[in-house]
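Pasted below: entry-v3.txt, compact mmCIF, C-alpha atoms and all ligand atoms.
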```
# COMPACT_ATOMS: atom_id res chain seq x y z
CA MET A 1335 -16.69 3.75 18.68
CA SER A 1336 -13.17 2.30 18.82
CA ASP A 1337 -14.71 -1.00 19.93
CA PHE A 1338 -17.06 -0.94 16.94
CA LEU A 1339 -14.14 -0.12 14.62
CA ARG A 1340 -11.92 -2.88 16.03
CA HIS A 1341 -14.62 -5.47 15.40
CA LEU A 1342 -15.74 -4.06 12.06
CA PRO A 1343 -14.56 -6.39 9.26
CA LYS A 1344 -12.03 -4.29 7.36
CA ALA A 1345 -10.04 -4.43 4.13
CA GLU A 1346 -7.11 -2.32 2.95
CA LEU A 1347 -6.03 -2.00 -0.65
CA HIS A 1348 -2.82 -0.01 -0.14
CA LEU A 1349 -0.12 -1.44 2.11
CA HIS A 1350 3.61 -1.63 1.36
CA ILE A 1351 4.77 -4.73 3.17
CA GLU A 1352 8.29 -3.25 3.54
CA GLY A 1353 6.63 -0.27 5.24
CA SER A 1354 5.16 -2.58 7.88
CA LEU A 1355 8.64 -3.35 9.27
CA GLU A 1356 8.43 -2.33 12.94
CA PRO A 1357 11.68 -1.20 14.58
CA GLU A 1358 11.52 -4.19 16.98
CA LEU A 1359 11.63 -6.65 14.08
CA MET A 1360 14.20 -4.49 12.28
CA PHE A 1361 16.53 -4.94 15.27
CA GLN A 1362 15.91 -8.70 15.42
CA LEU A 1363 16.63 -9.15 11.72
CA ALA A 1364 19.71 -6.90 11.90
CA ASP A 1365 20.97 -9.09 14.70
CA ARG A 1366 20.18 -12.32 12.83
CA ASN A 1367 21.98 -11.07 9.71
CA GLY A 1368 24.91 -9.33 11.40
CA ILE A 1369 23.92 -5.90 10.09
CA GLU A 1370 24.69 -2.66 11.89
CA LEU A 1371 21.79 -0.21 12.18
CA PRO A 1372 22.17 3.58 12.31
CA TYR A 1373 20.08 3.54 15.52
CA ALA A 1374 21.16 2.35 18.98
CA THR A 1375 17.63 1.59 20.20
CA VAL A 1376 14.05 1.09 19.02
CA GLU A 1377 13.21 4.47 20.56
CA GLU A 1378 15.96 6.15 18.57
CA ALA A 1379 14.61 4.62 15.36
CA LYS A 1380 11.09 5.82 16.14
CA ALA A 1381 12.39 9.32 16.95
CA ALA A 1382 13.98 9.45 13.48
CA TYR A 1383 10.55 8.92 11.86
CA ASP A 1384 9.86 12.62 11.55
CA PHE A 1385 9.53 13.38 7.86
CA LYS A 1386 9.63 16.56 5.86
CA ASP A 1387 8.18 15.00 2.71
CA LEU A 1388 7.89 11.77 0.70
CA GLN A 1389 11.59 11.71 -0.21
CA GLY A 1390 12.59 12.13 3.44
CA PHE A 1391 10.50 9.07 4.28
CA LEU A 1392 11.73 7.02 1.30
CA ASN A 1393 15.35 7.49 2.43
CA LEU A 1394 14.59 5.75 5.75
CA TYR A 1395 12.22 3.24 4.15
CA TYR A 1396 14.92 1.95 1.77
CA GLN A 1397 17.50 1.99 4.57
CA GLY A 1398 15.19 0.05 6.92
CA MET A 1399 14.52 -2.76 4.44
CA ASN A 1400 18.27 -3.42 4.19
CA VAL A 1401 17.85 -5.94 7.05
CA LEU A 1402 15.72 -8.18 4.78
CA ARG A 1403 18.04 -10.79 3.31
CA SER A 1404 16.63 -14.33 3.45
CA GLU A 1405 13.38 -16.01 2.52
CA GLN A 1406 12.68 -16.35 6.25
CA ASP A 1407 13.15 -12.58 6.71
CA PHE A 1408 10.47 -11.81 4.11
CA TYR A 1409 8.17 -14.41 5.64
CA ASP A 1410 8.69 -12.98 9.15
CA LEU A 1411 8.12 -9.44 7.90
CA ALA A 1412 4.81 -10.32 6.28
CA MET A 1413 3.54 -12.64 9.05
CA ASP A 1414 4.34 -10.03 11.69
CA TYR A 1415 2.07 -7.54 9.93
CA PHE A 1416 -0.61 -10.07 8.97
CA LYS A 1417 -1.03 -11.17 12.60
CA ARG A 1418 -1.18 -7.60 13.84
CA ALA A 1419 -3.69 -6.60 11.17
CA ARG A 1420 -5.85 -9.65 11.86
CA SER A 1421 -5.94 -8.78 15.57
CA GLU A 1422 -7.34 -5.38 14.52
CA GLY A 1423 -10.20 -6.92 12.55
CA VAL A 1424 -8.61 -6.75 9.08
CA LEU A 1425 -9.85 -9.54 6.78
CA HIS A 1426 -8.17 -8.59 3.52
CA ILE A 1427 -4.96 -6.82 2.45
CA ASP A 1428 -3.79 -5.94 -1.05
CA MET A 1429 -0.05 -5.85 -0.49
CA HIS A 1430 2.49 -3.88 -2.53
CA PHE A 1431 6.08 -5.08 -2.55
CA ASP A 1432 9.16 -3.51 -4.20
CA PRO A 1433 11.35 -6.14 -5.94
CA GLN A 1434 13.77 -3.58 -7.41
CA ALA A 1435 14.64 -2.30 -3.94
CA HIS A 1436 15.78 -5.84 -3.06
CA LEU A 1437 17.40 -6.79 -6.38
CA GLN A 1438 19.54 -3.66 -6.12
CA ARG A 1439 20.90 -4.97 -2.82
CA GLY A 1440 21.68 -8.36 -4.31
CA VAL A 1441 18.62 -10.17 -2.91
CA PRO A 1442 17.23 -12.46 -5.62
CA LEU A 1443 13.60 -12.19 -6.72
CA GLU A 1444 13.11 -15.87 -5.81
CA VAL A 1445 13.98 -15.14 -2.18
CA VAL A 1446 11.50 -12.25 -1.97
CA MET A 1447 8.70 -14.16 -3.67
CA ALA A 1448 9.17 -17.40 -1.74
CA GLY A 1449 8.99 -15.61 1.63
CA LEU A 1450 6.00 -13.43 0.76
CA LEU A 1451 4.06 -16.23 -0.95
CA ARG A 1452 4.58 -18.58 2.01
CA ALA A 1453 3.24 -15.90 4.36
CA LYS A 1454 0.26 -15.26 2.07
CA GLN A 1455 -0.59 -18.97 1.93
CA GLU A 1456 -0.37 -19.31 5.68
CA ALA A 1457 -2.46 -16.17 6.29
CA GLU A 1458 -5.15 -17.49 3.98
CA SER A 1459 -5.20 -21.04 5.36
CA GLN A 1460 -4.69 -20.28 9.07
CA LEU A 1461 -5.50 -16.64 9.84
CA ASP A 1462 -8.72 -16.05 7.89
CA LEU A 1463 -6.91 -13.21 6.10
CA SER A 1464 -6.87 -12.97 2.31
CA VAL A 1465 -3.91 -11.27 0.64
CA GLY A 1466 -3.55 -9.73 -2.83
CA MET A 1467 -0.10 -9.39 -4.43
CA ILE A 1468 0.88 -6.13 -6.16
CA MET A 1469 4.36 -6.12 -7.67
CA ALA A 1470 5.32 -2.45 -7.57
CA PHE A 1471 7.87 -0.68 -9.74
CA LEU A 1472 10.01 2.24 -8.60
CA ARG A 1473 9.24 5.35 -10.66
CA ASP A 1474 12.53 7.04 -9.71
CA ARG A 1475 14.48 4.21 -11.38
CA PRO A 1476 14.88 3.75 -15.16
CA ALA A 1477 11.87 2.50 -17.11
CA ASP A 1478 14.05 -0.12 -18.84
CA GLU A 1479 14.99 -1.66 -15.53
CA ALA A 1480 11.30 -2.03 -14.60
CA LEU A 1481 10.56 -3.78 -17.90
CA HIS A 1482 13.48 -6.13 -17.35
CA VAL A 1483 12.24 -7.01 -13.83
CA LEU A 1484 8.73 -7.67 -15.13
CA GLU A 1485 10.16 -10.15 -17.66
CA GLN A 1486 12.35 -11.70 -14.97
CA ALA A 1487 9.18 -12.22 -12.91
CA ALA A 1488 7.67 -14.54 -15.57
CA PRO A 1489 7.52 -17.56 -13.20
CA TYR A 1490 5.37 -15.46 -10.85
CA TRP A 1491 3.00 -13.69 -13.28
CA LYS A 1492 0.22 -16.12 -12.44
CA MET A 1493 0.59 -15.37 -8.73
CA LEU A 1494 0.32 -11.59 -9.13
CA ASP A 1495 -2.95 -9.73 -8.84
CA ALA A 1496 -1.57 -6.50 -10.29
CA ILE A 1497 1.44 -4.36 -10.93
CA GLY A 1498 1.83 -0.98 -9.24
CA LEU A 1499 3.93 2.17 -9.46
CA ASP A 1500 5.42 3.83 -6.37
CA SER A 1501 8.41 5.74 -4.88
CA ALA A 1502 9.27 9.42 -5.57
CA GLU A 1503 6.41 10.90 -7.57
CA ARG A 1504 7.64 14.43 -8.33
CA ASP A 1505 9.23 14.63 -11.80
CA ASN A 1506 8.54 10.94 -12.43
CA PRO A 1507 5.26 11.11 -14.34
CA PRO A 1508 3.25 8.03 -15.32
CA GLU A 1509 4.10 8.61 -18.99
CA LYS A 1510 7.64 7.38 -18.26
CA PHE A 1511 6.20 3.87 -17.75
CA GLN A 1512 3.88 3.46 -20.71
CA ALA A 1513 5.84 0.53 -22.17
CA LEU A 1514 5.88 -1.29 -18.81
CA PHE A 1515 2.15 -0.92 -18.31
CA ALA A 1516 1.40 -1.86 -21.92
CA ARG A 1517 3.40 -5.04 -21.43
CA ALA A 1518 1.57 -5.82 -18.18
CA LYS A 1519 -1.75 -5.32 -19.94
CA GLU A 1520 -0.64 -7.65 -22.74
CA LEU A 1521 0.13 -10.24 -20.05
CA GLY A 1522 -3.38 -9.85 -18.64
CA LEU A 1523 -2.16 -8.18 -15.44
CA VAL A 1524 -4.31 -5.58 -13.70
CA ARG A 1525 -2.62 -2.19 -13.21
CA VAL A 1526 -2.66 0.32 -10.35
CA ALA A 1527 -0.47 3.38 -9.72
CA HIS A 1528 0.31 5.95 -7.06
CA ALA A 1529 -0.76 9.33 -8.45
CA GLY A 1530 -1.76 12.67 -6.97
CA GLU A 1531 0.00 12.10 -3.65
CA GLU A 1532 2.78 14.68 -4.09
CA GLY A 1533 2.31 14.95 -7.84
CA PRO A 1534 -0.31 17.08 -9.60
CA ALA A 1535 -3.81 16.08 -10.68
CA ALA A 1536 -2.45 15.78 -14.24
CA TYR A 1537 -0.55 12.65 -13.14
CA ILE A 1538 -3.90 11.04 -12.27
CA THR A 1539 -5.11 11.75 -15.80
CA GLN A 1540 -1.89 10.30 -17.20
CA ALA A 1541 -2.22 7.16 -15.07
CA LEU A 1542 -5.77 6.65 -16.39
CA ASP A 1543 -5.07 7.51 -20.03
CA LEU A 1544 -1.54 6.23 -20.56
CA LEU A 1545 -1.28 3.35 -18.06
CA ASP A 1546 -4.92 2.25 -18.10
CA VAL A 1547 -4.99 1.73 -14.34
CA GLN A 1548 -7.93 0.27 -12.46
CA ARG A 1549 -7.19 2.12 -9.20
CA ILE A 1550 -5.43 5.30 -8.12
CA ASP A 1551 -3.31 4.99 -4.99
CA HIS A 1552 -3.72 8.17 -2.92
CA GLY A 1553 -5.21 10.51 -5.56
CA VAL A 1554 -5.97 13.22 -3.00
CA ARG A 1555 -4.73 15.99 -5.28
CA CYS A 1556 -7.53 15.24 -7.76
CA LEU A 1557 -9.41 18.04 -6.01
CA GLU A 1558 -7.15 20.54 -7.76
CA SER A 1559 -8.95 19.78 -11.03
CA GLU A 1560 -12.71 19.84 -11.46
CA ASP A 1561 -12.32 17.74 -14.64
CA VAL A 1562 -10.34 15.03 -12.90
CA VAL A 1563 -12.86 14.85 -10.05
CA GLN A 1564 -15.71 14.57 -12.54
CA ARG A 1565 -13.96 11.82 -14.42
CA LEU A 1566 -13.14 9.81 -11.27
CA LYS A 1567 -16.72 10.20 -10.14
CA GLU A 1568 -18.19 8.99 -13.44
CA SER A 1569 -15.86 5.99 -13.67
CA GLN A 1570 -16.11 5.32 -9.90
CA THR A 1571 -12.37 4.60 -9.97
CA VAL A 1572 -11.25 3.62 -6.50
CA LEU A 1573 -8.94 5.93 -4.57
CA THR A 1574 -6.85 4.28 -1.86
CA VAL A 1575 -6.51 7.18 0.56
CA CYS A 1576 -4.03 6.91 3.44
CA PRO A 1577 -4.89 9.48 6.15
CA LEU A 1578 -2.03 9.04 8.64
CA SER A 1579 0.47 8.73 5.78
CA ASN A 1580 -0.66 12.06 4.33
CA VAL A 1581 -0.13 13.75 7.69
CA SER A 1582 3.30 12.14 8.26
CA LEU A 1583 4.53 13.10 4.79
CA LYS A 1584 3.11 16.63 5.02
CA VAL A 1585 0.68 16.19 2.15
CA VAL A 1586 -1.61 17.90 4.68
CA ASP A 1587 -0.68 19.79 7.87
CA GLN A 1588 -3.21 18.09 10.13
CA LEU A 1589 -5.79 15.39 9.68
CA ASP A 1590 -8.68 17.76 10.33
CA GLN A 1591 -7.53 19.67 7.23
CA HIS A 1592 -7.43 16.52 5.10
CA PRO A 1593 -9.54 16.57 1.92
CA LEU A 1594 -11.22 13.25 2.81
CA PRO A 1595 -14.60 14.83 3.63
CA ALA A 1596 -14.42 16.74 0.33
CA LEU A 1597 -13.61 13.52 -1.56
CA LEU A 1598 -16.66 11.83 -0.04
CA GLU A 1599 -18.79 14.88 -0.74
CA ALA A 1600 -17.68 14.80 -4.39
CA GLY A 1601 -19.13 11.29 -4.80
CA LEU A 1602 -15.80 9.49 -5.30
CA LYS A 1603 -15.21 5.82 -4.52
CA VAL A 1604 -12.95 6.29 -1.51
CA THR A 1605 -11.22 3.62 0.58
CA ILE A 1606 -8.91 3.95 3.60
CA SER A 1607 -5.51 2.26 3.99
CA SER A 1608 -2.39 2.45 6.13
CA ASP A 1609 0.34 2.68 3.41
CA ASP A 1610 3.44 2.19 5.63
CA PRO A 1611 2.06 1.52 9.13
CA ALA A 1612 5.41 1.10 10.91
CA TYR A 1613 6.49 4.58 9.84
CA PHE A 1614 3.26 6.59 9.99
CA GLY A 1615 1.88 5.88 13.47
CA GLY A 1616 -0.36 2.87 13.06
CA GLY A 1617 -2.24 0.33 11.02
CA LEU A 1618 -5.71 0.28 9.53
CA LEU A 1619 -7.51 0.49 12.87
CA GLU A 1620 -5.46 3.52 13.94
CA ASN A 1621 -6.33 5.17 10.62
CA HIS A 1622 -10.03 4.55 11.27
CA ILE A 1623 -9.83 5.94 14.81
CA ALA A 1624 -7.92 9.02 13.64
CA CYS A 1625 -10.74 9.72 11.15
CA VAL A 1626 -13.36 9.58 13.93
CA ASP A 1627 -11.38 12.15 15.88
CA ALA A 1628 -10.77 14.42 12.88
CA PHE A 1629 -14.09 14.17 11.01
CA GLY A 1630 -16.58 12.81 13.53
CA TRP A 1631 -17.69 10.09 11.11
CA GLY A 1632 -20.25 7.54 12.30
CA GLU A 1633 -20.58 3.79 11.84
CA ASP A 1634 -22.28 4.02 8.43
CA THR A 1635 -19.39 5.94 6.88
CA PHE A 1636 -16.88 3.33 8.01
CA LYS A 1637 -19.07 0.53 6.73
CA TRP A 1638 -19.34 2.32 3.39
CA LEU A 1639 -15.53 2.80 3.16
CA ASN A 1640 -14.92 -0.88 3.85
CA ARG A 1641 -17.68 -1.95 1.47
CA ASN A 1642 -15.89 0.04 -1.24
CA ALA A 1643 -12.61 -1.70 -0.40
CA MET A 1644 -14.19 -5.17 -0.37
CA GLU A 1645 -15.94 -4.55 -3.70
CA GLU A 1646 -12.58 -3.70 -5.29
CA ALA A 1647 -10.24 -6.07 -3.44
CA PHE A 1648 -8.19 -8.61 -5.37
CA VAL A 1649 -10.06 -11.71 -4.16
CA SER A 1650 -12.12 -14.59 -5.54
CA ASP A 1651 -15.85 -14.02 -6.02
CA ALA A 1652 -16.55 -16.42 -3.15
CA ARG A 1653 -14.26 -14.60 -0.72
CA ARG A 1654 -15.65 -11.21 -1.80
CA ALA A 1655 -19.20 -12.39 -1.12
CA GLU A 1656 -18.11 -13.68 2.29
CA LEU A 1657 -16.33 -10.42 3.18
CA LEU A 1658 -19.34 -8.33 2.23
CA LYS A 1659 -21.69 -10.59 4.16
CA ARG A 1660 -19.60 -10.30 7.31
CA LEU A 1661 -19.40 -6.54 6.89
CA GLU A 1662 -23.17 -6.17 6.56
CA ALA A 1663 -23.69 -8.35 9.63
CA ALA A 1664 -21.51 -6.04 11.75
N1 LIG A 1701 6.60 3.55 -1.20
C1 LIG A 1701 6.23 3.23 0.04
N2 LIG A 1701 5.34 4.12 0.49
C2 LIG A 1701 5.12 5.02 -0.48
C3 LIG A 1701 4.31 6.16 -0.64
N3 LIG A 1701 3.51 6.61 0.34
N4 LIG A 1701 4.35 6.85 -1.80
C4 LIG A 1701 5.15 6.44 -2.77
N5 LIG A 1701 5.95 5.37 -2.69
C5 LIG A 1701 5.92 4.65 -1.56
ZN ZN A 1702 1.86 3.90 -1.01
```
Could you write out this file's structure as structure tokens?
Ligand code: ADE
Ligand code: ZN
Amino acid sequence: MSDFLRHLPKAELHLHIEGSLEPELMFQLADRNGIELPYATVEEAKAAYDFKDLQGFLNLYYQGMNVLRSEQDFYDLAMDYFKRARSEGVLHIDMHFDPQAHLQRGVPLEVVMAGLLRAKQEAESQLDLSVGMIMAFLRDRPADEALHVLEQAAPYWKMLDAIGLDSAERDNPPEKFQALFARAKELGLVRVAHAGEEGPAAYITQALDLLDVQRIDHGVRCLESEDVVQRLKESQTVLTVCPLSNVSLKVVDQLDQHPLPALLEAGLKVTISSDDPAYFGGGLLENHIACVDAFGWGEDTFKWLNRNAMEEAFVSDARRAELLKRLEAA
């Protein structure tokens, strides 16, 4: 089965590129930039990745990305993940990135965008890997700041596939960002948002009603409301579910208690992603393998999950048709 899964053409719609920063690269970039890390060794860093909840993870996530300073750093970060993902049979990635987390540290938007866009172009022309760009906004920062950053990103609007909403969900409801999402809609940008990861099902409803999102990132807590499940089923809104992430951040105790089988049973349009692979124990392939172990799913289920992802991925019609064709041939 793991051989089948490795060769299965796969797509992930929920990946934070800053969360793909492996400790090995973190040490290299720290060295290159003369930055001191709070860990003496790669092993020490990995041992620290033991999280109590989302906030516990975010603290280390924002600390880790402090090594990213130059255009080359952002390029190296993205290429490192793209090559690894490609070697695991991934053909498409919709990539979140967090400009505010870099602006705050004095890293200009131009530096972030130049590095990530160069990696995307190279992945598409040389690795047979298509990449979607999701500019994410931090929900635990002021709404005004997000609006300002969106305006500042004007030179890049055309290169974005969507805007997203991430970071600490509790007490930062979607309604706080209505003006931001209205502006994005006015600009013709697609919208996605994290909702129902640590926050309640009501945040999913808010994201749909107030932010007019096309996808829900995570969304696992929809099961707490029959109405929300019904609505997601009728609209076939995609959920980007991240199994290993949910275990690491204690959204569930163990993978075999994860609501994934219930989400499938409910007729929802589910996809599988890795979220922050460097912090949660593996990339998209590892997430697939973990689901075999926990749920005993067969080949058809994994084909269905990846078909869902390819149908919704931010790609050209021609690339989508190619992805689906390769999936069906597997
Ligand atoms: N930023 C990076 N990973 C995240 C997650 N799982 N939830 C919210 N914000 C994030
Ligand atoms: Zn996420």
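Proximity to ligand LIG 1701 (chain A) was assessed for A:Leu1394, A:Leu1450, A:Ile1623, A:Ala1477 counting all atoms listed in the file; the smallest distance is recorded for A:Leu1394.
Of the residues under consideration (A:Ala1487, A:Leu1347, A:Ala1516, A:Leu1523), A:Leu1347 shows the shortest atom-to-atom contact distance to ligand ZN 1702 (chain A) when counting all atoms listed in the file.
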Query raised in the report: Near Gly1553 of chain A, counting only C-alpha atoms, which residues have an atom at most 9 Å away, once you skip same-chain residues fewer than 3 positions from it, shown as a PyMOL selection string?
Result: chain A and resi 1528-1531+1535+1538+1550+1556-1557+1573-1575
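Distances here use only C-alpha atoms and all ligand atoms; by that measure, the residue among A:Ser1650, A:Asn1367, A:Asn1580, A:Asn1621 closest to ligand ZN 1702 (chain A) is A:Asn1580.
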Query raised in the report: Which chains and residue numbers are within 9 Å of ligand ZN 1702 (chain A), counting only C-alpha atoms and all ligand atoms, if I want them as JSON, numbers by chain?
Result: {"A": [1348, 1349, 1350, 1353, 1430, 1499, 1500, 1501, 1528, 1531, 1551, 1552, 1574, 1576, 1579, 1608, 1609, 1610]}
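From atom N1 of ligand LIG 1701 (chain A) back to atom CA of Asn1400 of chain A, the distance works out to 14.6 Å.
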Report task. Grab the atom CA of Arg1641 of chain A to atom CA of Leu1618 of chain A distance for me, in Å with one decimal place. Result -> 14.6 Å
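Shortest separation to ligand LIG 1701 (chain A) among A:Ala1612, A:Ala1600, A:Ala1453, A:Met1360 occurs at residue A:Ala1612, atoms counted being all atoms listed in the file.
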Report task. Rank nothing, just name the residue among A:Ser1354, A:Ser1336, A:Gln1460, A:Thr1635 nearest to ligand LIG 1701 (chain A), using all atoms listed in the file. Result -> A:Ser1354
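Checking A:Cys1625, A:His1426, A:Glu1346, A:Leu1402 one by one against Gly1368 of chain A, counting all atoms listed in the file, you find the shortest gap at A:Leu1402.
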Query - Arg1475 of chain A environment, 10 Å, all atoms listed in the file, sequence neighbours closer than 6 positions dropped, as a VMD selection string - result: chain A and resid 1434 to 1435 1501 to 1502 1506
Query - Atomic distance atom CA of Ile1351 of chain A - atom CA of Thr1375 of chain A, expressed in Å with one decimal - result: 22.3 Å
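Using all atoms listed in the file, the protein and nucleic acid residues lying at most 9 Å from the point (6.2, 9.0, 10.6) are Lys1380, Ala1381, Ala1382, Tyr1383, Asp1384, Phe1385, Phe1391, Leu1578, Ser1579, Val1581, Ser1582, Leu1583, Asp1610, Pro1611, Ala1612, Tyr1613, Phe1614 and Gly1615 of chain A.
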Writing out the chosen residues with C-alpha atoms as a short mmCIF file (atom, residue, chain, number, x, y, z; two decimals), in the frame of the given file:
```
data_model
loop_
_atom_site.label_atom_id
_atom_site.label_comp_id
_atom_site.auth_asym_id
_atom_site.auth_seq_id
_atom_site.Cartn_x
_atom_site.Cartn_y
_atom_site.Cartn_z
CA LYS A 1380 11.09 5.82 16.14
CA ALA A 1381 12.39 9.32 16.95
CA ALA A 1382 13.98 9.45 13.48
CA TYR A 1383 10.55 8.92 11.86
CA ASP A 1384 9.86 12.62 11.55
CA PHE A 1385 9.53 13.38 7.86
CA PHE A 1391 10.50 9.07 4.28
CA LEU A 1578 -2.03 9.04 8.64
CA SER A 1579 0.47 8.73 5.78
CA VAL A 1581 -0.13 13.75 7.69
CA SER A 1582 3.30 12.14 8.26
CA LEU A 1583 4.53 13.10 4.79
CA ASP A 1610 3.44 2.19 5.63
CA PRO A 1611 2.06 1.52 9.13
CA ALA A 1612 5.41 1.10 10.91
CA TYR A 1613 6.49 4.58 9.84
CA PHE A 1614 3.26 6.59 9.99
CA GLY A 1615 1.88 5.88 13.47
#
```
Requested in this report: May I have the protein, DNA and RNA residues with any atom at most 10 Å from the point (-17.9, -8.9, 3.5), counting only C-alpha atoms, written as a PyMOL selection string?
Outcome: chain A and resi 1343-1345+1425-1426+1640-1641+1643-1645+1653-1664
Put a box with edges along x, y and z around all the listed atoms of ligand LIG 1701 (chain A), pad it by 6 Å on each side, then give me its centre and sizes in Å, one decimal, as JSON.
```
{"center_x": 5.1, "center_y": 5.0, "center_z": -1.1, "size_x": 15.1, "size_y": 15.6, "size_z": 15.3}
```
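Residues surrounding Gln1362 of chain A within 12 Å are Leu1355, Glu1356, Gly1368, Ile1369, Glu1370, Leu1371, Thr1375, Val1376, Val1401, Leu1402, Asp1407, Asp1410 and Leu1411 of chain A [only C-alpha atoms; sequence separation below 6 positions excluded].
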